[in-house]
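Participant: Below are the structure tokens for one structure; questions will follow.
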Protein chains: 2
Amino acid sequence: MEINVNKHISGQFNDELEQIRNDVLKMGGLVEQQLTNALNAVNNSDTKLARQVLENDYLVNKLEVQIDEDCTRIIAKRQPAASDLRLVLAIIKTITDLERIGDEAERIANVALESFNKAQQEFLVSMDNMGRKAINMLNNVLDAFARMDVDAAFKVHKADKKLDKEYEAITRQLMTHMMEDPRSIPKVMDVLWSVRSLERIGDRCQNISEYVIYFVKGKDVRHTSEADIKDKVLS
Amino acid sequence: MEINVNKHISGQFNDELEQIRNDVLKMGGLVEQQLTNALNAVNNSDTKLARQVLENDYLVNKLEVQIDEDCTRIIAKRQPAASDLRLVLAIIKTITDLERIGDEAERIANVALESFNKAQQEFLVSMDNMGRKAINMLNNVLDAFARMDVDAAFKVHKADKKLDKEYEAITRQLMTHMMEDPRSIPKVMDVLWSVRSLERIGDRCQNISEYVIYFVKGKDVRHTSEADIKDKVLS
């Protein structure tokens with residue numbers, strides 16, 4: 001009888017954890033959609049879509065607060081230990097990064113509300129290319145989170161370096177353009193801030209990949225070199 | 001006898017919580033020092049001090065990982081509830097923001113490694129003024145954290161708006177200068193990124209002020225307007 005009760009409690013607990021995990025994926029999907037919409041809005045000068053992104057940010061915030069409350073409640077009520085506790089803590093950190101990615105999407109959407117001349121639109125193409133890679137990273141890290149797949153998470157971790165390089169290349173390109181055409185500075189700065197937002201999104205995807213590794217391997221790999229993660233944690 | 005044991009356990013628990021709180025303040029003090037040194041390094045073109053900031057960032061990271069582990073251990077071992085749990089969760093979030101403030105200090109320190117001409121040095125003065133306000137916010141929020149003082153925390157929360165306005169003013173000033181003297185763009189951009197770092201530090205101090213309010217009042221005030229915090233949470 002006692003075993004049954006335990007099973008029952010444990011079953012309920014698992015359901016609760018599963019529900020929270022699903023909510024994180026729901027939040028992740030929403031943030032991905034916001035980022036995709038923001039980039040499409042910039043790319044197509046679609047001010048309506050841009051305003052939709054700005055309006056929908058509160059949905060991301062709402063999910064963050066709700067999931068955070070659920071996590072606190074589950075810790076207080078279920079007193080999870082070991083991997084269950086690691087999961088809840090990994091989720092608390094993941095949603096913070098997801099919410100901030102949502103904020104960056106909002107910043108990018110604001111750029112779609114401006115108008116650009118032909119020369120400036122070329123930069124929007126570079127930005128769009130980089131944006132697709134950032135969306136890809138976000139998609140991959142959410143996938144790694146869904147399957148709690150450390151190898152997939154580590155791939156995202158490594159991908160951030162490429163995004164950083166692309167960021168540096170675009171920044172150099174934009175600075176050169178500003179020097180050649182100083183009147184364009186205010187507009188180009190808007191593109192620059194957006195490109196910076198994309199670079200930060202890469203950092204946040206890398207953070208989430210670290211939480212996945214922390215959950216599965218029980219090791220905190222923040223501030224750890226990729227060689228050390230590979231040799232000492234994943235092998 | 002049982003009461004004594006409980007008292008003993010509870011006393012030990014309180015000691016552990018106290019120790020973690022002290023570690024957070026130690027980490028906060030270190031981050032404040034890093035930020036102060038970074039700004040002084042820029043102000044005095046002191047490359048030696050700048051390098052010291054860059055070298056010491058690992059100490060901030062180390063404290064973050066250690067406090068995070070202590071918090072996880074305390075949740076698993078002590079199964080805190082109510083305000084004890086809120087304290088531990090507030091600490092987990094606070095140290096993330098402190099660590100990121102440390103990263104921004106590192107970015108600012110890098111600017112001290114560059115050389116600036118006389119006209120550009122004027123901008124460093126504006127940046128320094130803004131920097132002093134950011135240090136002040138950090139100092140005040142750490143103080144609010146130490147005393148778990150919601151009113152002091154709310155003051156920091158409100159102060160962020162002023163820092164944002166100063167950020168916008170300096171940004172406009174720097175953009176005008178770049179338009180007038182395009183050759184200065186790369187240097188001015190470095191100042192711009194640092195000013196942006198200071199603006200972000202303000203945001204992070206605001207985050208920490210929200211965790212203090214969350215701990216004391218038990219209400220999550222993220223994404224809440226200042227009027228609502230004042231009327232619905234603090235009154």
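Residue names in the structure tokens use chain letters A, B, ... in the order shown, residue numbers from 1 in each chain, and ligand numbers from 1 in the order shown.
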Return as a VMD selection string the residues belonging to chain B that are within 7 Å of chain A, counting only C-alpha atoms.

Facilitator: chain B and resid 61 76 79 to 81 179 182 to 183 185 223

Participant: Could you give me, as a compact mmCIF listing (two decimals) with N, CA and C atoms, in the first residue's frame, the residues within 8 Å of region 120-134 of chain B, counting only C-alpha atoms and dropping anything in the same chain fewer than 5 positions from it?

Facilitator:
# COMPACT_ATOMS: atom_id res chain seq x y z
N LEU B 39 36.45 51.85 -14.51
CA LEU B 39 36.21 53.26 -14.83
C LEU B 39 37.43 54.12 -14.53
N VAL B 42 39.94 53.67 -17.31
CA VAL B 42 39.61 54.45 -18.52
C VAL B 42 39.94 55.92 -18.28
N ASN B 43 39.56 56.40 -17.13
CA ASN B 43 39.71 57.82 -16.80
C ASN B 43 41.17 58.26 -16.76
N LEU B 163 19.26 56.92 -15.27
CA LEU B 163 20.45 56.41 -15.96
C LEU B 163 20.14 56.21 -17.45
N GLU B 166 20.29 59.53 -19.18
CA GLU B 166 21.67 59.96 -19.36
C GLU B 166 22.32 59.19 -20.52
N TYR B 167 22.00 57.92 -20.59
CA TYR B 167 22.51 57.08 -21.67
C TYR B 167 22.08 57.63 -23.02
N ILE B 170 24.00 60.91 -23.85
CA ILE B 170 25.39 60.68 -24.26
C ILE B 170 25.44 60.04 -25.64
N LEU B 174 27.44 61.44 -28.85
CA LEU B 174 28.48 60.67 -29.52
C LEU B 174 28.17 60.51 -31.01
N LYS B 187 36.94 54.78 -32.57
CA LYS B 187 37.19 55.13 -31.16
C LYS B 187 35.88 55.45 -30.43
N VAL B 188 35.07 56.27 -31.09
CA VAL B 188 33.82 56.68 -30.45
C VAL B 188 32.91 55.47 -30.23
N VAL B 191 33.61 53.89 -27.00
CA VAL B 191 32.99 54.62 -25.89
C VAL B 191 31.49 54.28 -25.85
N SER B 194 30.75 51.05 -24.26
CA SER B 194 30.93 51.13 -22.80
C SER B 194 29.75 51.81 -22.14
N VAL B 195 29.27 52.87 -22.80
CA VAL B 195 28.12 53.58 -22.26
C VAL B 195 26.91 52.64 -22.23
N LEU B 198 27.15 50.42 -19.32
CA LEU B 198 26.70 51.09 -18.09
C LEU B 198 25.18 51.09 -18.00
N GLU B 199 24.54 51.28 -19.15
CA GLU B 199 23.07 51.27 -19.17
C GLU B 199 22.57 49.89 -18.77
N ILE B 201 24.15 47.77 -16.87
CA ILE B 201 24.43 47.58 -15.44
C ILE B 201 23.26 48.15 -14.62
N GLY B 202 22.74 49.29 -15.08
CA GLY B 202 21.56 49.86 -14.42
C GLY B 202 20.38 48.88 -14.46

Participant: In Å, rounded to a single decimal, give me how far CA of Glu99 (chain A) is from CA of Val31 (chain B).

Facilitator: 24.5 Å

Participant: How far is it from CA of Leu17 (chain B) to CA of Asp57 (chain B), in Å with one decimal?

Facilitator: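 So the two atoms, CA of Leu17 (chain B) and CA of Asp57 (chain B), lie 25.2 Å apart.
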
Participant: Go ahead and compute the interatomic distance for CA of Thr47 (chain A) and CA of Ile108 (chain A), in Å to one decimal.

Facilitator: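 These atoms are spaced 11.9 Å apart.
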
Participant: Give me the residues within 7 Å of region 141-144 of chain B as number ranges by chain, counting only C-alpha atoms and dropping any in the same chain fewer than 2 places off.

Facilitator: B: 25, 28, 137-139, 146-150, 152-153, 156, 205, 208-209
